[in-house]
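Shown below: my_file27.txt, with compact mmCIF, C-alpha atoms and all ligand atoms.
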# COMPACT_ATOMS: atom_id res chain seq x y z
CA MET C 856 -22.24 14.10 -35.88
CA ALA C 857 -25.94 14.76 -35.93
CA PHE C 858 -27.38 18.25 -35.79
CA GLY C 859 -23.94 19.69 -35.07
CA LYS C 860 -23.57 18.02 -31.66
CA ILE C 861 -20.26 16.45 -30.64
CA PRO C 862 -19.82 14.42 -27.42
CA ARG C 863 -16.69 14.87 -25.28
CA PHE C 864 -15.89 11.16 -25.51
CA SER C 865 -17.07 7.96 -27.10
CA PRO C 866 -16.12 4.48 -25.86
CA SER C 867 -13.98 1.92 -27.70
CA PHE C 868 -16.39 -0.74 -26.37
CA SER C 869 -18.60 -1.82 -29.25
CA PRO C 870 -21.30 -4.39 -30.17
CA SER C 871 -18.58 -6.99 -30.96
CA GLU C 872 -17.33 -6.85 -27.36
CA ALA C 873 -20.92 -6.73 -26.04
CA LEU C 874 -21.54 -9.99 -27.92
CA ILE C 875 -18.55 -11.64 -26.18
CA CYS C 876 -20.02 -10.58 -22.84
CA ALA C 877 -23.49 -11.82 -23.72
CA LYS C 878 -22.14 -15.24 -24.84
CA GLN C 879 -20.15 -15.60 -21.67
CA LEU C 880 -23.11 -14.69 -19.50
CA LEU C 881 -25.20 -17.30 -21.34
CA GLY C 882 -22.52 -19.87 -20.49
CA LEU C 883 -21.37 -20.23 -24.10
CA GLY C 884 -17.70 -19.93 -23.29
CA ASP C 885 -15.59 -19.14 -20.27
CA ASP C 886 -11.99 -19.61 -21.11
CA ASP C 887 -9.60 -19.51 -18.14
CA GLU C 888 -6.70 -19.50 -20.56
CA ALA C 889 -7.85 -16.10 -21.83
CA VAL C 890 -6.07 -14.24 -19.02
CA ARG C 891 -2.69 -15.88 -19.80
CA GLU C 892 -3.22 -15.31 -23.51
CA PHE C 893 -4.10 -11.63 -23.07
CA GLU C 894 -1.05 -11.13 -20.83
CA ALA C 895 1.23 -12.81 -23.40
CA ARG C 896 -0.19 -10.84 -26.34
CA PHE C 897 0.00 -7.58 -24.42
CA ALA C 898 3.64 -8.18 -23.43
CA GLU C 899 4.42 -8.90 -27.08
CA PHE C 900 2.57 -5.74 -28.19
CA ILE C 901 4.57 -3.53 -25.80
CA GLY C 902 7.82 -5.41 -26.43
CA VAL C 903 8.54 -6.61 -22.88
CA LYS C 904 9.01 -9.96 -21.16
CA HIS C 905 6.11 -9.98 -18.71
CA ALA C 906 2.59 -8.56 -18.44
CA VAL C 907 0.37 -9.19 -15.41
CA MET C 908 -3.34 -8.30 -15.26
CA VAL C 909 -4.25 -6.35 -12.13
CA PRO C 910 -7.55 -4.80 -11.02
CA SER C 911 -6.36 -1.19 -11.33
CA ALA C 912 -3.31 0.82 -12.29
CA ARG C 913 -2.98 2.24 -8.79
CA TYR C 914 -2.89 -1.24 -7.24
CA GLY C 915 -0.37 -2.24 -9.92
CA LEU C 916 1.81 0.68 -8.79
CA PHE C 917 1.43 -0.40 -5.15
CA LEU C 918 2.57 -3.95 -6.01
CA LEU C 919 5.47 -2.60 -8.07
CA LEU C 920 6.71 -0.43 -5.18
CA GLU C 921 6.28 -3.38 -2.80
CA SER C 922 8.22 -5.74 -5.04
CA LEU C 923 11.03 -3.17 -5.43
CA GLY C 924 11.24 -2.79 -1.63
CA ILE C 925 10.32 0.91 -1.85
CA GLY C 926 8.58 2.20 1.29
CA ASP C 927 9.30 3.98 4.58
CA GLY C 928 12.00 6.63 4.32
CA ASP C 929 12.12 6.52 0.50
CA GLU C 930 11.06 9.21 -1.95
CA VAL C 931 9.29 8.79 -5.28
CA ILE C 932 9.26 11.64 -7.83
CA ILE C 933 5.85 12.23 -9.46
CA PRO C 934 4.86 14.88 -12.03
CA ALA C 935 2.71 17.53 -10.36
CA LEU C 936 -0.04 17.28 -13.00
CA THR C 937 -1.38 13.76 -12.67
CA TYR C 938 -4.10 11.59 -11.15
CA PHE C 939 -4.55 11.82 -7.36
CA ALA C 940 -4.42 8.00 -6.91
CA ILE C 941 -0.72 7.90 -7.84
CA PRO C 942 0.67 9.95 -4.93
CA ALA C 943 -2.08 8.47 -2.71
CA MET C 944 -0.87 4.91 -3.40
CA THR C 945 2.77 5.98 -3.08
CA GLU C 946 2.02 7.28 0.40
CA LEU C 947 0.21 4.06 1.29
CA SER C 948 3.37 2.16 0.39
CA GLY C 949 5.18 4.28 3.03
CA ALA C 950 7.21 6.35 0.57
CA LYS C 951 7.02 10.13 0.23
CA PRO C 952 5.66 11.56 -3.05
CA VAL C 953 7.87 14.42 -4.25
CA PHE C 954 6.25 16.55 -6.94
CA ALA C 955 8.21 17.87 -9.92
CA ASP C 956 6.92 20.32 -12.52
CA VAL C 957 5.72 19.51 -16.03
CA GLY C 958 6.24 21.31 -19.36
CA LEU C 959 3.62 24.06 -19.68
CA HIS C 960 2.09 22.77 -22.93
CA THR C 961 3.55 19.23 -23.07
CA HIS C 962 1.92 18.51 -19.67
CA VAL C 963 4.50 15.76 -19.04
CA LEU C 964 7.42 15.58 -16.59
CA ASP C 965 10.12 18.21 -17.22
CA PRO C 966 13.47 16.36 -17.03
CA ALA C 967 15.21 19.39 -15.45
CA ALA C 968 12.55 19.58 -12.72
CA PHE C 969 12.95 15.82 -12.15
CA GLU C 970 16.70 16.20 -11.73
CA ALA C 971 16.29 19.14 -9.35
CA ALA C 972 13.93 17.09 -7.13
CA ILE C 973 16.38 14.21 -6.60
CA THR C 974 17.74 13.64 -3.07
CA PRO C 975 19.74 10.74 -1.61
CA LYS C 976 16.37 9.20 -0.62
CA THR C 977 14.95 9.09 -4.18
CA ARG C 978 14.26 5.49 -5.25
CA ALA C 979 11.84 5.84 -8.18
CA VAL C 980 10.38 8.28 -10.70
CA ILE C 981 6.97 7.93 -12.36
CA PRO C 982 6.92 9.71 -15.74
CA THR C 983 3.24 9.97 -16.69
CA HIS C 984 2.58 9.92 -20.43
CA LEU C 985 -0.33 12.25 -19.79
CA PHE C 986 -3.12 12.83 -22.35
CA GLY C 987 -1.45 10.22 -24.60
CA THR C 988 1.80 12.21 -24.94
CA PRO C 989 5.00 10.27 -24.25
CA ALA C 990 7.39 12.05 -21.89
CA ASP C 991 11.01 12.81 -22.81
CA MET C 992 12.20 9.28 -21.98
CA ASP C 993 15.81 9.57 -23.18
CA ALA C 994 16.49 12.44 -20.79
CA ILE C 995 14.51 10.85 -17.93
CA ASN C 996 16.21 7.46 -18.32
CA ALA C 997 19.68 9.05 -18.46
CA ILE C 998 19.11 11.07 -15.27
CA ALA C 999 17.54 8.08 -13.49
CA LYS C 1000 20.41 5.80 -14.48
CA ALA C 1001 23.02 8.25 -13.20
CA HIS C 1002 21.29 8.28 -9.80
CA ASN C 1003 20.28 4.60 -9.64
CA ILE C 1004 16.55 5.44 -9.66
CA ALA C 1005 13.88 3.01 -10.95
CA VAL C 1006 11.72 4.35 -13.81
CA ILE C 1007 8.05 3.33 -13.55
CA GLU C 1008 6.16 4.56 -16.63
CA ASP C 1009 2.54 5.63 -16.08
CA CYS C 1010 0.90 4.55 -19.35
CA ALA C 1011 -2.67 4.86 -18.04
CA GLN C 1012 -3.49 7.33 -20.83
CA SER C 1013 -1.10 6.15 -23.49
CA THR C 1014 -1.43 2.44 -24.26
CA GLY C 1015 0.20 1.96 -27.66
CA ALA C 1016 1.85 5.42 -27.93
CA LYS C 1017 5.47 5.47 -29.07
CA TYR C 1018 8.62 7.36 -28.22
CA LYS C 1019 11.27 7.28 -30.95
CA GLY C 1020 9.55 4.28 -32.52
CA GLN C 1021 9.31 2.22 -29.32
CA ARG C 1022 6.06 1.67 -27.43
CA VAL C 1023 5.83 3.38 -24.05
CA GLY C 1024 5.93 0.93 -21.18
CA GLY C 1025 8.95 -0.84 -22.65
CA ILE C 1026 11.27 2.16 -22.31
CA GLY C 1027 11.67 2.54 -18.54
CA ASP C 1028 12.12 -0.32 -16.06
CA HIS C 1029 8.45 -1.11 -15.32
CA ALA C 1030 5.04 0.26 -16.33
CA TYR C 1031 1.33 0.22 -15.63
CA TYR C 1032 -1.72 0.78 -17.87
CA THR C 1033 -5.46 1.03 -17.19
CA PHE C 1034 -8.45 -0.16 -19.21
CA GLY C 1035 -11.55 1.59 -17.83
CA LEU C 1036 -14.51 2.25 -20.10
CA THR C 1037 -13.33 5.75 -21.04
CA LYS C 1038 -9.79 4.68 -21.95
CA ASN C 1039 -8.49 4.00 -25.49
CA ILE C 1040 -8.94 0.27 -24.94
CA THR C 1041 -11.06 -1.35 -22.26
CA THR C 1042 -11.31 -4.62 -20.34
CA LEU C 1043 -14.49 -3.52 -18.47
CA SER C 1044 -12.26 -1.99 -15.77
CA GLY C 1045 -8.97 -3.65 -14.99
CA ALA C 1046 -5.37 -2.82 -15.71
CA MET C 1047 -1.95 -4.24 -16.54
CA VAL C 1048 1.63 -4.09 -15.25
CA THR C 1049 4.58 -4.82 -17.53
CA THR C 1050 8.22 -5.48 -16.67
CA ASP C 1051 11.33 -7.30 -17.88
CA ASP C 1052 12.20 -8.21 -14.28
CA ASP C 1053 11.40 -11.89 -13.51
CA ALA C 1054 11.29 -11.39 -9.72
CA VAL C 1055 8.92 -8.41 -9.96
CA ALA C 1056 6.60 -10.33 -12.34
CA GLN C 1057 6.65 -13.34 -10.00
CA HIS C 1058 5.68 -11.18 -7.01
CA LEU C 1059 2.74 -9.73 -8.92
CA HIS C 1060 1.56 -13.10 -10.27
CA THR C 1061 1.72 -14.71 -6.83
CA THR C 1062 -0.16 -11.88 -5.13
CA ILE C 1063 -2.90 -11.81 -7.77
CA GLU C 1064 -3.29 -15.60 -7.94
CA ASN C 1065 -3.66 -15.78 -4.15
CA SER C 1066 -6.53 -13.30 -4.25
CA GLY C 1067 -10.23 -13.97 -4.83
CA LEU C 1068 -11.89 -13.55 -8.24
CA SER C 1069 -13.32 -10.18 -9.25
CA PRO C 1070 -17.15 -10.46 -8.85
CA ALA C 1071 -19.22 -11.32 -11.93
CA SER C 1072 -21.66 -8.54 -11.00
CA LYS C 1073 -18.88 -5.98 -11.57
CA SER C 1074 -18.22 -7.23 -15.13
CA ILE C 1075 -21.95 -7.31 -15.89
CA LYS C 1076 -22.39 -3.75 -14.64
CA GLU C 1077 -19.41 -2.55 -16.69
CA ALA C 1078 -20.64 -4.36 -19.83
CA LEU C 1079 -24.08 -2.75 -19.46
CA THR C 1080 -22.55 0.68 -18.83
CA GLY C 1081 -20.22 0.25 -21.83
CA SER C 1082 -23.16 -0.68 -24.07
CA ALA C 1083 -25.18 2.29 -22.76
CA MET C 1084 -22.23 4.61 -23.44
CA PHE C 1085 -21.89 3.23 -26.95
CA LEU C 1086 -25.56 3.96 -27.62
CA ALA C 1087 -25.69 7.30 -25.83
CA THR C 1088 -22.73 8.69 -27.78
CA HIS C 1089 -24.05 7.42 -31.12
CA PRO C 1090 -24.67 10.53 -33.26
CA TRP C 1091 -28.38 9.82 -33.75
CA LEU C 1092 -29.08 9.38 -30.05
CA TYR C 1093 -26.58 11.79 -28.55
CA TRP C 1094 -28.06 15.03 -29.90
CA TRP C 1095 -31.50 14.51 -28.38
CA THR C 1096 -30.64 12.57 -25.20
CA VAL C 1097 -27.24 13.26 -23.58
CA HIS C 1098 -26.51 16.68 -25.10
CA PRO C 1099 -29.69 18.32 -23.71
CA ALA C 1100 -28.95 16.73 -20.31
CA VAL C 1101 -25.45 18.20 -20.35
CA VAL C 1102 -26.79 21.64 -21.35
CA LEU C 1103 -29.49 21.51 -18.66
CA GLY C 1104 -27.01 20.27 -16.02
CA ASN C 1105 -24.69 23.07 -17.01
CA ALA C 1106 -27.43 25.67 -16.62
CA LEU C 1107 -27.90 24.31 -13.08
CA GLY C 1108 -24.15 24.60 -12.42
CA LYS C 1109 -23.54 20.84 -12.71
CA ASP C 1110 -21.70 18.47 -15.01
CA PRO C 1111 -23.71 15.20 -15.09
CA ILE C 1112 -21.04 13.27 -17.05
CA HIS C 1113 -18.26 14.29 -14.68
CA GLU C 1114 -20.47 13.34 -11.74
CA ARG C 1115 -21.24 9.92 -13.26
CA PHE C 1116 -17.67 8.97 -14.19
CA GLY C 1117 -15.59 11.08 -11.78
CA GLU C 1118 -14.11 9.66 -8.61
CA THR C 1119 -13.85 11.31 -5.19
CA GLU C 1120 -10.24 12.25 -4.58
CA ARG C 1121 -8.88 10.73 -1.39
CA CYS C 1122 -5.87 9.27 0.34
CA TYR C 1123 -5.75 5.67 1.64
CA ASP C 1124 -5.31 4.54 5.28
CA THR C 1125 -5.28 0.89 4.24
CA LEU C 1126 -5.35 -1.14 1.06
CA PRO C 1127 -9.02 -1.32 -0.09
CA THR C 1128 -10.47 -4.74 0.77
CA SER C 1129 -11.46 -5.36 -2.86
CA TYR C 1130 -7.75 -5.37 -3.78
CA GLN C 1131 -7.01 -7.82 -0.99
CA ASN C 1132 -9.89 -10.20 -1.79
CA GLN C 1133 -11.02 -9.73 -5.40
CA ALA C 1134 -7.90 -8.85 -7.37
CA ARG C 1135 -7.95 -11.79 -9.81
CA PRO C 1136 -9.38 -10.72 -13.20
CA ARG C 1137 -12.30 -12.62 -14.71
CA PRO C 1138 -11.64 -14.34 -18.05
CA ILE C 1139 -14.40 -12.21 -19.61
CA GLN C 1140 -12.19 -9.14 -19.04
CA ALA C 1141 -9.27 -10.78 -20.84
CA MET C 1142 -11.55 -11.90 -23.70
CA VAL C 1143 -12.71 -8.32 -24.21
CA GLY C 1144 -9.07 -7.18 -23.91
CA LEU C 1145 -7.95 -9.61 -26.64
CA LYS C 1146 -10.61 -8.28 -28.98
CA GLN C 1147 -9.67 -4.69 -28.19
CA LEU C 1148 -5.98 -5.42 -28.75
CA GLU C 1149 -6.88 -6.56 -32.29
CA ARG C 1150 -8.42 -3.11 -32.83
CA ILE C 1151 -5.95 -0.93 -30.95
CA GLU C 1152 -4.00 0.22 -34.01
CA ALA C 1153 -7.22 1.29 -35.74
CA LEU C 1154 -8.57 2.99 -32.60
CA ASN C 1155 -5.31 4.84 -31.91
CA GLY C 1156 -4.87 5.56 -35.63
CA ALA C 1157 -8.21 7.40 -35.72
CA ARG C 1158 -7.21 9.43 -32.64
CA ILE C 1159 -3.88 10.29 -34.26
CA GLN C 1160 -5.61 11.41 -37.46
CA ASN C 1161 -8.07 13.62 -35.55
CA GLY C 1162 -5.43 15.00 -33.17
CA SER C 1163 -2.99 15.82 -35.97
CA ALA C 1164 -5.76 17.63 -37.88
CA LEU C 1165 -6.51 19.73 -34.78
CA ASP C 1166 -2.76 20.43 -34.32
CA ARG C 1167 -2.55 21.70 -37.89
CA ALA C 1168 -5.73 23.79 -37.72
CA LEU C 1169 -5.62 25.45 -34.29
CA GLY C 1170 -2.04 26.73 -34.01
CA ASP C 1171 -2.73 30.27 -35.25
CA ILE C 1172 -5.76 31.17 -33.11
CA GLU C 1173 -5.12 34.22 -30.94
CA GLY C 1174 -5.54 33.50 -27.24
CA LEU C 1175 -5.51 29.72 -27.62
CA GLY C 1176 -2.55 27.67 -26.34
CA VAL C 1177 -2.14 24.43 -28.28
CA PRO C 1178 -0.34 21.27 -27.09
CA ALA C 1179 3.39 20.75 -27.58
CA TYR C 1180 5.19 17.40 -27.71
CA PRO C 1181 8.67 16.43 -26.50
CA GLN C 1182 11.08 15.61 -29.32
CA GLY C 1183 10.63 11.98 -30.40
CA SER C 1184 7.19 11.76 -28.80
CA GLU C 1185 4.52 10.06 -30.97
CA PRO C 1186 1.25 10.85 -29.13
CA ILE C 1187 -1.96 8.87 -29.44
CA TYR C 1188 -4.12 11.88 -28.46
CA MET C 1189 -5.99 10.30 -25.59
CA SER C 1190 -7.00 13.92 -24.98
CA PHE C 1191 -6.48 17.12 -26.96
CA VAL C 1192 -5.84 19.84 -24.41
CA VAL C 1193 -5.83 23.58 -25.15
CA HIS C 1194 -5.19 26.46 -22.77
CA HIS C 1195 -7.37 29.56 -22.60
CA ALA C 1196 -7.25 32.48 -20.15
CA ASP C 1197 -11.00 32.09 -19.48
CA ARG C 1198 -11.58 28.42 -20.11
CA ASP C 1199 -15.02 28.46 -18.45
CA GLN C 1200 -16.21 31.10 -20.88
CA LEU C 1201 -14.70 29.14 -23.79
CA MET C 1202 -16.42 25.99 -22.52
CA GLN C 1203 -19.81 27.77 -22.50
CA ALA C 1204 -19.20 29.25 -25.96
CA LEU C 1205 -18.32 25.79 -27.33
CA ARG C 1206 -21.33 24.16 -25.71
CA ALA C 1207 -23.53 26.80 -27.33
CA ARG C 1208 -22.01 25.60 -30.63
CA GLY C 1209 -22.84 21.94 -29.88
CA VAL C 1210 -19.37 20.89 -28.69
CA ASP C 1211 -19.13 19.29 -25.27
CA THR C 1212 -15.82 19.77 -23.44
CA THR C 1213 -14.46 19.09 -19.98
CA THR C 1214 -11.75 20.33 -17.65
CA GLY C 1215 -10.93 16.68 -16.96
CA TYR C 1216 -9.75 14.77 -13.91
CA MET C 1217 -6.14 15.90 -13.56
CA ASN C 1218 -5.06 18.43 -10.96
CA ASP C 1219 -1.97 20.26 -9.86
CA LEU C 1220 -1.28 17.94 -6.92
CA SER C 1221 1.75 19.96 -5.77
CA ASP C 1222 -0.75 22.54 -4.50
CA HIS C 1223 -3.68 20.37 -3.49
CA PRO C 1224 -5.28 20.12 -0.03
CA LEU C 1225 -4.93 16.30 -0.01
CA PHE C 1226 -1.15 16.58 -0.35
CA GLU C 1227 -0.63 19.73 1.71
CA ARG C 1228 2.35 18.22 3.53
CA HIS C 1229 4.17 17.65 0.21
CA ARG C 1230 3.55 21.13 -1.21
CA ARG C 1231 6.20 22.34 -3.68
CA PRO C 1232 6.03 25.17 -6.21
CA CYS C 1233 5.28 23.80 -9.70
CA PRO C 1234 4.22 26.90 -11.69
CA ASN C 1235 3.58 25.16 -15.02
CA ALA C 1236 1.29 22.57 -13.43
CA ALA C 1237 -0.53 25.39 -11.61
CA GLU C 1238 -0.95 27.40 -14.81
CA ALA C 1239 -2.12 24.38 -16.84
CA ASN C 1240 -4.52 23.41 -14.07
CA ARG C 1241 -6.21 26.84 -14.23
CA HIS C 1242 -6.45 27.09 -18.01
CA LEU C 1243 -6.74 23.70 -19.66
CA LEU C 1244 -9.76 22.44 -21.56
CA HIS C 1245 -10.22 19.05 -23.28
CA ILE C 1246 -11.41 19.23 -26.89
CA PRO C 1247 -13.11 16.04 -28.26
CA VAL C 1248 -10.62 13.88 -30.19
CA HIS C 1249 -12.10 10.37 -29.84
CA PRO C 1250 -11.92 7.79 -32.66
CA ASN C 1251 -15.59 8.06 -33.59
CA LEU C 1252 -15.24 11.62 -34.93
CA SER C 1253 -15.70 11.89 -38.68
CA GLU C 1254 -13.80 14.28 -40.94
CA SER C 1255 -16.81 16.60 -40.98
CA ASP C 1256 -16.94 16.49 -37.13
CA VAL C 1257 -13.33 17.65 -37.03
CA SER C 1258 -13.96 20.53 -39.42
CA HIS C 1259 -17.09 21.48 -37.43
CA LEU C 1260 -14.91 21.41 -34.29
CA VAL C 1261 -12.30 23.67 -35.83
CA ASP C 1262 -14.94 26.18 -37.00
CA ALA C 1263 -16.61 26.09 -33.58
CA ILE C 1264 -13.30 26.69 -31.76
CA ARG C 1265 -12.41 29.59 -34.06
CA SER C 1266 -15.78 31.27 -33.62
CA ALA C 1267 -15.93 30.52 -29.84
CA THR C 1268 -12.48 32.04 -29.17
CA GLU C 1269 -13.49 35.07 -31.24
CA ALA C 1270 -16.69 35.42 -29.21
CA CYS C 1271 -14.61 35.20 -26.00
CA ARG C 1272 -12.41 38.07 -27.22
CA GLY C 1273 -15.65 40.06 -27.41
C1 LIG W 1301 -2.63 9.21 -15.56
C2 LIG W 1301 -3.36 8.20 -14.72
N1 LIG W 1301 -2.66 7.44 -13.86
C3 LIG W 1301 -3.29 6.52 -13.10
C4 LIG W 1301 -4.65 6.32 -13.16
C5 LIG W 1301 -5.31 5.33 -12.24
O1 LIG W 1301 -5.85 4.24 -12.91
P1 LIG W 1301 -6.77 3.22 -12.09
O2 LIG W 1301 -8.09 3.88 -11.95
O3 LIG W 1301 -6.81 2.00 -12.94
O4 LIG W 1301 -6.11 3.00 -10.78
C6 LIG W 1301 -5.41 7.06 -14.06
C7 LIG W 1301 -6.87 6.86 -14.18
O5 LIG W 1301 -7.51 7.30 -15.06
C8 LIG W 1301 -4.74 8.04 -14.86
O6 LIG W 1301 -5.43 8.80 -15.73
Taking this structure as input, can you express it in the form of structure tokens?
Amino acid sequence: MAFGKIPRFSPSFSPSEALICAKQLLGLGDDDEAVREFEARFAEFIGVKHAVMVPSARYGLFLLLESLGIGDGDEVIIPALTYFAIPAMTELSGAKPVFADVGLHTHVLDPAAFEAAITPKTRAVIPTHLFGTPADMDAINAIAKAHNIAVIEDCAQSTGAKYKGQRVGGIGDHAYYTFGLTKNITTLSGAMVTTDDDAVAQHLHTTIENSGLSPASKSIKEALTGSAMFLATHPWLYWWTVHPAVVLGNALGKDPIHERFGETERCYDTLPTSYQNQARPRPIQAMVGLKQLERIEALNGARIQNGSALDRALGDIEGLGVPAYPQGSEPIYMSFVVHHADRDQLMQALRARGVDTTTGYMNDLSDHPLFERHRRPCPNAAEANRHLLHIPVHPNLSESDVSHLVDAIRSATEACRG
């Protein structure tokens, strides 16, 4: 922290990964074996038989549904509070997304709501381990098994998190992960699917190998953006560059960071051409992934330390709803999400105290114009959607940052009470 300013996120991408990229671009190493090695190491890390690199989590989900023969006339149960691309890709596969409610403060699929949403057409459920919090997998697996439903874990925000000692992704039948620049580990965009099913893994490998290579320009752009993010969120640069821009943008009713990294929500008429023609990962992505995998325990460990400190310190603040975790869930605190009746006012009060926050990219999709035809009442998702605010919890926070954060949150909530 410098001058009491704390950024909302900070990337895991660091000079050591930037060096790998620079060497590769200078032609000092381009190892085709890196992709196979990263897949093997990742499968070992999760504790599953197969891992297949894919260009995005959503395309991984599409290929999973395709390989399981899930499509027209089938239903897939999806937690209402999640990323728009998940129901959008489900629809593209031909299946109907059926939304089920989440726990109000756990933000993950409520097993009772899952069970209530099952019909004879249900073929799969996608428990999302949202904000780094593993869902109640024992209950979800038991219900799914009783109804012969495939469990596809959404680990996009929870790579490395555990449930009852086992890493998420190896608990259901199949899983997907994503490694964008703002995730806990990165491969300069790109994602992974894991499974124990040989036929499913074969389908994914064949599809990806028959596709064209992801363009070098994309990796270069991501490496440059990652390096810029590393610098811009460095304490000594952040306070006089990005923070004033955020404050100014805010005064103009804008959020420059959200605009830079956010994505327009949409449905798909066809599979994007990039997935059809450029789905094969570049070795440089796997090389960065291998390096990040060496650091994942340290990166997640720092998140866990910061998140647990916030859990301990914020529980007694009047008017502030703190996160809850299903029994057996061992979160990695990809986000630390609080609820407040006037979260916009709290956001302003925190920004005035040097703390940048965001309302994030998740929405209550059960009541969203894009999915109007699948509308279902999910009151907890609706309530969370109105009131949630992300507090910084990234691995580059120091102990003094966390105590500054706690003081700022206490005084900001007090100010909001008037
Ligand atoms: C919970 C969740 N699921 C899925 C996705 C989609 O990942 P991708 O952009 O790799 O398709 C995201 C993206 O951030 C996410 O947060």
* To do: Considering only C-alpha atoms and all ligand atoms, state which residue in the set C:Gly1081, C:Gly949, C:Gly1020, C:Gly915 is at the smallest distance from ligand LIG 1301 (chain W).
  =>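 That would be C:Gly915, the residue with the smallest distance to ligand LIG 1301 (chain W).
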* **All residues 9 Å or closer to C:Ser1082, all atoms listed in the file, same chain fewer than 3 positions away omitted, as a PyMOL selection string** => chain C and resi 866+868-870+873+1077-1079+1085-1087
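Here atom CA of C:Leu959 stands at a distance of 27.2 Å from atom CA of C:Ser865.
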* Please write out the residues within 7 Å of ligand LIG 1301 (chain W) as a list of chain:residue names, counting all atoms listed in the file. =>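 Counting all atoms listed in the file, the residues within 7 Å of ligand LIG 1301 (chain W) come out as C:Ser911, C:Ala912, C:Arg913, C:Tyr914, C:Thr937, C:Tyr938, C:Ala940, C:Ile941, C:Thr983, C:Leu985, C:Asp1009, C:Cys1010, C:Ala1011, C:Gln1012, C:Thr1033, C:Phe1034, C:Gly1035, C:Gly1045, C:Ala1046.
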* Residue with smallest distance to C:Thr1080 - pool C:Ile1063, C:Arg1115, C:Glu1238, C:Ala1016, counting all atoms listed in the file ->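 Counting all atoms listed in the file, the residue closest to C:Thr1080 is C:Arg1115.
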* Asked: So which residues touch C:Ile861 within 12 Å, counting all atoms listed in the file, skipping near sequence neighbours fewer than 2 positions away, as a ChimeraX atom specification?
  -> /C:856-859,863-865,1087-1095,1097-1099,1101,1205-1212,1246-1249,1251-1253,1255-1261,1263
* Asked: For C:Met1217, which residue among C:Glu1269, C:Glu1118, C:Glu1152, C:Glu1254 is the nearest when counting all atoms listed in the file?
  ->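 Checking each candidate against C:Met1217, we get C:Glu1118 as the closest.
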* atom CA of C:Arg1022 to atom CA of C:Leu964, straight-line distance in Å ->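 Here the two named atoms are 17.7 Å from each other.
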* Nearby residues (only C-alpha atoms) at most 12 Å from C:Pro975, same-chain spacing under 6 positions excluded, as a ChimeraX atom specification -> /C:928-931,1002-1004
* Asked: For C:Ala1153, which of C:Ile1139, C:Ala1168, C:Ile925, C:Ile1187 is the closest residue, counting all atoms listed in the file?
  -> C:Ile1187
* **Exercise: residues within 12 Å of coordinate (-5.0, -16.6, -18.9), counting only C-alpha atoms, as a list in words** => Asp885, Asp886, Asp887, Glu888, Ala889, Val890, Arg891, Glu892, Phe893, Glu894, Ala895, Arg896, Phe897, Ala906, Val907, Met908, His1060, Glu1064, Arg1135, Pro1136, Arg1137, Pro1138, Ile1139, Gln1140, Ala1141, Met1142, Gly1144 and Leu1145 of chain C
Show me, as a Markdown table, the residues of stretch 1128-1207 of chain C having an atom within 12 Å of stretch 990-996 of chain C, each with the closest atom pair and its distance in Å, using only C-alpha atoms.
| residue | atom | partner | partner_atom | distance |
| --- | --- | --- | --- | --- |
| C:Ala1179 | CA | C:Ala990 | CA | 11.1 |
| C:Tyr1180 | CA | C:Ala990 | CA | 8.2 |
| C:Pro1181 | CA | C:Asp991 | CA | 5.7 |
| C:Gln1182 | CA | C:Asp991 | CA | 7.1 |
| C:Gly1183 | CA | C:Asp991 | CA | 7.6 |
| C:Ser1184 | CA | C:Ala990 | CA | 6.9 |
| C:Glu1185 | CA | C:Ala990 | CA | 9.7 |
| C:Pro1186 | CA | C:Ala990 | CA | 9.6 |
